[in-house]
>>> print(open('model.cif').read())   # mmCIF, C-alpha atoms
data_target
loop_
_atom_site.group_PDB
_atom_site.id
_atom_site.type_symbol
_atom_site.label_atom_id
_atom_site.label_comp_id
_atom_site.auth_asym_id
_atom_site.auth_seq_id
_atom_site.Cartn_x
_atom_site.Cartn_y
_atom_site.Cartn_z
ATOM 1 C CA MET A 1 -78.212 13.935 -110.964
ATOM 2 C CA SER A 2 -76.950 16.297 -113.611
ATOM 3 C CA VAL A 3 -77.207 15.746 -117.354
ATOM 4 C CA ASP A 4 -75.693 17.460 -120.335
ATOM 5 C CA LEU A 5 -77.837 16.169 -123.189
ATOM 6 C CA GLU A 6 -75.745 17.864 -125.852
ATOM 7 C CA ARG A 7 -72.514 16.212 -124.695
ATOM 8 C CA GLY A 8 -74.206 12.970 -123.663
ATOM 9 C CA ILE A 9 -72.994 12.956 -120.052
ATOM 10 C CA ARG A 10 -74.863 12.029 -116.879
ATOM 11 C CA ILE A 11 -73.396 12.509 -113.415
ATOM 12 C CA PHE A 12 -74.730 11.174 -110.146
ATOM 13 C CA THR A 13 -73.083 12.753 -107.112
ATOM 14 C CA PHE A 14 -73.366 11.265 -103.639
ATOM 15 C CA SER A 15 -72.106 13.183 -100.632
ATOM 16 C CA GLY A 16 -72.886 13.378 -96.942
ATOM 17 C CA SER A 17 -75.275 10.790 -95.540
ATOM 18 C CA VAL A 18 -77.032 8.898 -98.349
ATOM 19 C CA THR A 19 -80.523 7.706 -97.407
ATOM 20 C CA PRO A 20 -82.997 5.240 -98.907
ATOM 21 C CA ALA A 21 -84.965 8.306 -100.094
ATOM 22 C CA ASP A 22 -81.921 9.344 -102.135
ATOM 23 C CA LEU A 23 -81.932 5.964 -103.872
ATOM 24 C CA GLU A 24 -85.661 6.310 -104.527
ATOM 25 C CA PHE A 25 -84.910 9.687 -106.149
ATOM 26 C CA VAL A 26 -82.358 7.983 -108.405
ATOM 27 C CA ALA A 27 -84.856 5.236 -109.233
ATOM 28 C CA THR A 28 -87.436 7.787 -110.391
ATOM 29 C CA ARG A 29 -84.888 9.175 -112.869
ATOM 30 C CA TYR A 30 -84.756 5.842 -114.699
ATOM 31 C CA ILE A 31 -88.227 6.367 -116.178
ATOM 32 C CA ASP A 32 -87.457 9.914 -117.368
ATOM 33 C CA ARG A 33 -86.762 9.101 -121.024
ATOM 34 C CA GLU A 34 -85.937 12.694 -121.896
ATOM 35 C CA HIS A 35 -83.243 13.227 -119.276
ATOM 36 C CA TYR A 36 -82.090 9.721 -118.370
ATOM 37 C CA ARG A 37 -80.762 8.185 -121.540
ATOM 38 C CA PHE A 38 -79.063 4.832 -121.149
ATOM 39 C CA THR A 39 -76.835 5.783 -124.074
ATOM 40 C CA ASP A 40 -75.183 8.675 -122.199
ATOM 41 C CA ARG A 41 -71.780 8.323 -120.581
ATOM 42 C CA GLU A 42 -72.280 7.981 -116.845
ATOM 43 C CA ILE A 43 -70.057 9.148 -114.031
ATOM 44 C CA VAL A 44 -71.070 8.196 -110.504
ATOM 45 C CA HIS A 45 -69.180 10.435 -108.102
ATOM 46 C CA PHE A 46 -68.840 9.530 -104.429
ATOM 47 C CA ALA A 47 -67.469 12.512 -102.467
ATOM 48 C CA PRO A 48 -64.856 11.773 -99.790
ATOM 49 C CA ASP A 49 -67.412 12.684 -97.079
ATOM 50 C CA VAL A 50 -70.065 10.193 -98.232
ATOM 51 C CA SER A 51 -71.681 7.877 -95.715
ATOM 52 C CA LEU A 52 -73.671 4.886 -96.897
ATOM 53 C CA ALA A 53 -74.381 3.627 -93.374
ATOM 54 C CA GLU A 54 -78.155 4.059 -93.821
ATOM 55 C CA ILE A 55 -78.270 1.951 -96.997
ATOM 56 C CA GLU A 56 -79.264 -1.702 -96.659
ATOM 57 C CA ALA A 57 -79.135 -4.526 -99.194
ATOM 58 C CA GLU A 58 -82.918 -4.208 -99.638
ATOM 59 C CA ASP A 59 -82.520 -0.560 -100.665
ATOM 60 C CA LEU A 60 -79.982 -1.550 -103.313
ATOM 61 C CA GLY A 61 -82.251 -4.382 -104.435
ATOM 62 C CA ALA A 62 -85.160 -1.987 -104.902
ATOM 63 C CA LEU A 63 -82.935 0.378 -106.906
ATOM 64 C CA ALA A 64 -81.733 -2.494 -109.093
ATOM 65 C CA ASP A 65 -85.325 -3.656 -109.651
ATOM 66 C CA ARG A 66 -86.314 -0.186 -110.879
ATOM 67 C CA PHE A 67 -83.265 -0.044 -113.171
ATOM 68 C CA PHE A 68 -84.052 -3.404 -114.748
ATOM 69 C CA GLU A 69 -87.731 -2.486 -115.101
ATOM 70 C CA ALA A 70 -86.762 0.692 -116.950
ATOM 71 C CA ARG A 71 -84.379 -1.298 -119.139
ATOM 72 C CA ARG A 72 -87.090 -3.824 -119.923
ATOM 73 C CA THR A 73 -89.598 -1.174 -121.010
ATOM 74 C CA ARG A 74 -87.177 0.940 -123.047
ATOM 75 C CA ASP A 75 -85.271 0.158 -126.212
ATOM 76 C CA ASP A 76 -82.198 2.279 -125.474
ATOM 77 C CA VAL A 77 -78.797 0.837 -126.235
ATOM 78 C CA LEU A 78 -76.807 0.345 -123.056
ATOM 79 C CA PRO A 79 -73.274 1.730 -122.825
ATOM 80 C CA ASP A 80 -70.406 -0.699 -122.347
ATOM 81 C CA GLU A 81 -69.124 0.932 -119.204
ATOM 82 C CA THR A 82 -69.788 3.315 -116.376
ATOM 83 C CA ILE A 83 -67.120 5.112 -114.391
ATOM 84 C CA TRP A 84 -67.315 5.508 -110.646
ATOM 85 C CA VAL A 85 -65.209 8.179 -108.977
ATOM 86 C CA MET A 86 -64.525 6.582 -105.653
ATOM 87 C CA PRO A 87 -61.605 7.790 -103.522
ATOM 88 C CA GLU A 88 -59.838 5.021 -101.617
ATOM 89 C CA GLN A 89 -61.390 5.994 -98.261
ATOM 90 C CA VAL A 90 -64.870 5.575 -99.767
ATOM 91 C CA ARG A 91 -64.319 2.115 -101.279
ATOM 92 C CA SER A 92 -64.747 0.232 -98.023
ATOM 93 C CA GLU A 93 -67.780 2.389 -97.171
ATOM 94 C CA ALA A 94 -69.369 1.367 -100.474
ATOM 95 C CA ARG A 95 -68.380 -2.317 -100.348
ATOM 96 C CA LEU A 96 -71.970 -3.608 -100.187
ATOM 97 C CA TRP A 97 -73.089 -1.339 -103.025
ATOM 98 C CA ARG A 98 -70.132 -2.338 -105.192
ATOM 99 C CA GLU A 99 -70.638 -6.039 -104.586
ATOM 100 C CA PHE A 100 -74.398 -5.885 -105.102
ATOM 101 C CA THR A 101 -74.241 -4.012 -108.415
ATOM 102 C CA HIS A 102 -71.007 -5.248 -109.963
ATOM 103 C CA ASP A 103 -72.289 -8.201 -111.985
ATOM 104 C CA PRO A 104 -71.637 -7.180 -115.613
ATOM 105 C CA GLU A 105 -73.795 -10.066 -116.858
ATOM 106 C CA CYS A 106 -76.820 -8.451 -115.203
ATOM 107 C CA THR A 107 -76.025 -4.820 -115.923
ATOM 108 C CA GLN A 108 -74.396 -5.509 -119.301
ATOM 109 C CA LYS A 109 -71.751 -2.904 -118.592
ATOM 110 C CA ASP A 110 -68.398 -2.854 -116.922
ATOM 111 C CA ARG A 111 -67.629 -0.518 -114.095
ATOM 112 C CA ARG A 112 -64.289 1.234 -113.866
ATOM 113 C CA TYR A 113 -63.172 2.725 -110.584
ATOM 114 C CA VAL A 114 -61.077 5.867 -110.510
ATOM 115 C CA GLU A 115 -60.121 8.151 -107.650
ATOM 116 C CA THR A 116 -60.766 11.580 -109.186
ATOM 117 C CA LEU A 117 -63.069 13.379 -111.574
ATOM 118 C CA GLU A 118 -60.005 14.167 -113.703
ATOM 119 C CA ALA A 119 -59.371 10.435 -114.070
ATOM 120 C CA ALA A 120 -63.016 9.861 -115.072
ATOM 121 C CA VAL A 121 -62.788 12.531 -117.783
ATOM 122 C CA ALA A 122 -59.557 10.952 -119.034
ATOM 123 C CA ALA A 123 -61.042 7.426 -118.945
ATOM 124 C CA TYR A 124 -63.891 8.526 -121.195
ATOM 125 C CA ARG A 125 -61.379 10.387 -123.387
ATOM 126 C CA LEU A 126 -63.390 13.574 -123.021
ATOM 127 C CA PRO A 127 -61.720 16.860 -123.944
ATOM 128 C CA ASP A 128 -59.693 18.292 -121.053
ATOM 129 C CA ALA A 129 -61.584 21.571 -121.513
ATOM 130 C CA TRP A 130 -64.783 19.834 -120.335
ATOM 131 C CA LEU A 131 -63.400 19.078 -116.873
ATOM 132 C CA GLU A 132 -64.143 22.476 -115.369
ATOM 133 C CA ASP A 133 -67.594 22.595 -117.005
ATOM 134 C CA ILE A 134 -68.354 19.203 -115.465
ATOM 135 C CA ARG A 135 -66.982 20.276 -112.087
ATOM 136 C CA GLN A 136 -69.075 23.482 -112.104
ATOM 137 C CA GLY A 137 -72.140 21.918 -113.727
ATOM 138 C CA LYS A 138 -71.916 24.331 -116.664
ATOM 139 C CA GLY A 139 -74.225 23.236 -119.483
ATOM 140 C CA PHE A 140 -75.925 20.639 -117.271
ATOM 141 C CA ARG A 141 -79.538 20.345 -116.205
ATOM 142 C CA HIS A 142 -79.687 19.515 -112.510
ATOM 143 C CA PHE A 143 -82.095 17.288 -110.620
ATOM 144 C CA GLY A 144 -82.048 17.285 -106.834
ATOM 145 C CA GLU A 145 -79.433 19.029 -104.716
ATOM 146 C CA VAL A 146 -76.333 19.660 -106.764
ATOM 147 C CA GLY A 147 -73.217 21.649 -106.023
ATOM 148 C CA THR A 148 -69.798 21.907 -107.559
ATOM 149 C CA ILE A 149 -67.535 18.877 -107.447
ATOM 150 C CA ALA A 150 -64.500 19.810 -105.385
ATOM 151 C CA PRO A 151 -61.075 18.927 -106.733
ATOM 152 C CA ALA A 152 -59.341 15.978 -105.085
ATOM 153 C CA GLY A 153 -56.899 16.692 -102.343
#
>>> encode(input="model.cif", output="structure tokens")
Amino acid sequence: MSVDLERGIRIFTFSGSVTPADLEFVATRYIDREHYRFTDREIVHFAPDVSLAEIEAEDLGALADRFFEARRTRDDVLPDETIWVMPEQVRSEARLWREFTHDPECTQKDRRYVETLEAAVAAYRLPDAWLEDIRQGKGFRHFGEVGTIAPAG
């Protein structure tokens, strides 16, 4: 996870083989009031090389439980939408995750799917000049293993 508190942006990046421990790491961020603000714009980026083969429905259920617990104990205003950068080849890989977490009545936010980081920046109507900062992590505080986000193609 990377956050830019000044710009109000949070990015989760998933690449390589995602494990249940990775989801537990995400779940622990939910209680970090200083760095995980529900009001921030959120981009969830799935790299083209991501593998979710180790993730089971129970892992997603545990993550959802932690999210809803954090929501219940905090008074943050939830954003209307989140944007997931999910290249076409990743969509079938993430089918279970998408189906499990896509109920807007439960999450109270809509999810938009785009294929590139550029499209996510455009969807949020962020200044074009921010794209490279986001890609390089400039101005962000990083949690966990974080690298640059490679351009599509």
>>> atom_distance(input="model.cif", atom1="atom CA of Val77 of chain A", atom2="atom CA of Gly144 of chain A")
25.6 Å
>>> resolve_selection(input="model.cif", expression="the PyMOL selection byres ((chain A and resi 117) around 8)", output="list in words")
His45, Val85, Val114, Glu115, Thr116, Glu118, Ala119, Ala120, Val121, Leu131, Arg135, Pro151 and Ala152 of chain A
>>> resolve_selection(input="model.cif", expression="the PyMOL selection byres ((chain A and resi 16) around 6)", output="ChimeraX atom specification")
/A:15,17,49-51
>>> write_last_selection(input="model.cif", atoms="C-alpha atoms", output="short mmCIF file (atom, residue, chain, number, x, y, z; two decimals), in the coordinates of the input")
data_model
loop_
_atom_site.label_atom_id
_atom_site.label_comp_id
_atom_site.auth_asym_id
_atom_site.auth_seq_id
_atom_site.Cartn_x
_atom_site.Cartn_y
_atom_site.Cartn_z
CA SER A 15 -72.11 13.18 -100.63
CA SER A 17 -75.28 10.79 -95.54
CA ASP A 49 -67.41 12.68 -97.08
CA VAL A 50 -70.06 10.19 -98.23
CA SER A 51 -71.68 7.88 -95.72
#
>>> resolve_selection(input="model.cif", expression="the PyMOL selection byres ((chain A and resi 60-75) around 7)", output="compact mmCIF listing (two decimals) with C-alpha atoms, in the coordinates of the input")
# COMPACT_ATOMS: atom_id res chain seq x y z
CA LEU A 23 -81.93 5.96 -103.87
CA GLU A 24 -85.66 6.31 -104.53
CA ALA A 27 -84.86 5.24 -109.23
CA TYR A 30 -84.76 5.84 -114.70
CA ILE A 31 -88.23 6.37 -116.18
CA GLU A 56 -79.26 -1.70 -96.66
CA ALA A 57 -79.14 -4.53 -99.19
CA GLU A 58 -82.92 -4.21 -99.64
CA ASP A 59 -82.52 -0.56 -100.66
CA ASP A 76 -82.20 2.28 -125.47
CA VAL A 77 -78.80 0.84 -126.24
CA TRP A 97 -73.09 -1.34 -103.02
>>> closest_residue(input="model.cif", among="A:Phe14, A:Trp130, A:Tyr124, A:Tyr113", to="Asp40 of chain A", atoms="only C-alpha atoms")
A:Tyr124
>>> closest_residue(input="model.cif", among="A:Ala122, A:Ile43, A:Asp110, A:Thr28", to="Trp84 of chain A", atoms="all atoms listed in the file")
A:Ile43
>>> closest_residue(input="model.cif", among="A:Ile149, A:Ile55, A:Ile83, A:Leu126", to="Thr13 of chain A", atoms="all atoms listed in the file")
A:Ile149
>>> atom_distance(input="model.cif", atom1="atom CA of Arg112 of chain A", atom2="atom CA of Phe38 of chain A")
16.9 Å
>>> decode(input="model.cif", residues="segment 23-111 of chain A", atoms="C-alpha atoms", output="compact mmCIF listing (two decimals), in the first residue's frame")
# COMPACT_ATOMS: atom_id res chain seq x y z
CA LEU A 23 -4.47 -10.07 2.51
CA GLU A 24 -3.79 -10.08 6.25
CA PHE A 25 -1.31 -7.24 5.66
CA VAL A 26 -4.04 -5.29 3.85
CA ALA A 27 -6.49 -6.02 6.67
CA THR A 28 -4.10 -4.55 9.26
CA ARG A 29 -4.03 -1.29 7.27
CA TYR A 30 -7.77 -0.79 7.83
CA ILE A 31 -7.24 0.06 11.51
CA ASP A 32 -4.45 2.58 10.78
CA ARG A 33 -6.54 5.75 11.04
CA GLU A 34 -3.62 8.00 10.18
CA HIS A 35 -2.66 6.34 6.90
CA TYR A 36 -5.80 4.47 5.83
CA ARG A 37 -8.49 7.07 5.42
CA PHE A 38 -11.74 5.84 3.93
CA THR A 39 -12.17 9.29 2.40
CA ASP A 40 -9.11 8.95 0.14
CA ARG A 41 -9.42 8.01 -3.52
CA GLU A 42 -8.42 4.38 -3.90
CA ILE A 43 -6.73 2.67 -6.81
CA VAL A 44 -6.28 -1.08 -6.60
CA HIS A 45 -3.69 -2.10 -9.16
CA PHE A 46 -3.36 -5.71 -10.30
CA ALA A 47 -0.14 -6.15 -12.32
CA PRO A 48 -0.34 -8.35 -15.43
CA ASP A 49 1.81 -10.99 -13.67
CA VAL A 50 -0.48 -11.36 -10.64
CA SER A 51 -1.54 -14.81 -9.50
CA LEU A 52 -4.41 -15.20 -7.07
CA ALA A 53 -4.30 -19.00 -7.13
CA GLU A 54 -3.46 -19.18 -3.40
CA ILE A 55 -6.47 -17.07 -2.37
CA GLU A 56 -9.60 -18.89 -1.22
CA ALA A 57 -13.09 -17.57 -0.53
CA GLU A 58 -12.36 -17.79 3.22
CA ASP A 59 -9.37 -15.46 2.81
CA LEU A 60 -11.57 -12.90 1.05
CA GLY A 61 -14.23 -13.35 3.73
CA ALA A 62 -11.71 -12.63 6.48
CA LEU A 63 -10.52 -9.51 4.62
CA ALA A 64 -14.11 -8.32 4.20
CA ASP A 65 -14.82 -8.93 7.89
CA ARG A 66 -11.85 -6.76 8.88
CA PHE A 67 -12.96 -4.02 6.47
CA PHE A 68 -16.49 -3.94 7.86
CA GLU A 69 -15.18 -4.01 11.43
CA ALA A 70 -13.00 -0.99 10.70
CA ARG A 71 -15.95 0.76 9.06
CA ARG A 72 -18.14 0.03 12.06
CA THR A 73 -15.65 1.48 14.55
CA ARG A 74 -14.74 4.58 12.53
CA ASP A 75 -16.82 7.56 11.50
CA ASP A 76 -15.07 8.25 8.19
CA VAL A 77 -17.19 9.09 5.18
CA LEU A 78 -16.89 6.41 2.54
CA PRO A 79 -16.07 7.39 -1.04
CA ASP A 80 -18.61 6.64 -3.75
CA GLU A 81 -16.24 4.61 -5.86
CA THR A 82 -12.98 2.76 -6.07
CA ILE A 83 -11.06 2.13 -9.26
CA TRP A 84 -9.41 -1.19 -10.00
CA VAL A 85 -6.69 -1.33 -12.63
CA MET A 86 -7.17 -4.80 -13.97
CA PRO A 87 -5.79 -5.74 -17.39
CA GLU A 88 -8.00 -8.13 -19.35
CA GLN A 89 -5.73 -11.14 -18.72
CA VAL A 90 -6.09 -10.60 -14.96
CA ARG A 91 -9.90 -10.36 -14.87
CA SER A 92 -10.49 -14.09 -15.09
CA GLU A 93 -7.74 -14.69 -12.52
CA ALA A 94 -9.54 -12.36 -10.12
CA ARG A 95 -13.08 -13.61 -10.83
CA LEU A 96 -13.67 -14.92 -7.30
CA TRP A 97 -12.34 -11.74 -5.71
CA ARG A 98 -14.45 -9.54 -7.98
CA GLU A 99 -17.61 -11.52 -7.36
CA PHE A 100 -17.06 -11.74 -3.60
CA THR A 101 -16.45 -8.01 -3.11
CA HIS A 102 -18.61 -6.41 -5.78
CA ASP A 103 -21.84 -5.88 -3.83
CA PRO A 104 -22.20 -2.08 -3.68
CA GLU A 105 -24.97 -2.40 -1.08
CA CYS A 106 -22.45 -3.92 1.34
CA THR A 107 -19.43 -1.80 0.47
CA GLN A 108 -21.45 1.35 -0.25
CA LYS A 109 -19.20 2.16 -3.18
CA ASP A 110 -19.11 1.31 -6.83
CA ARG A 111 -16.12 -0.27 -8.42
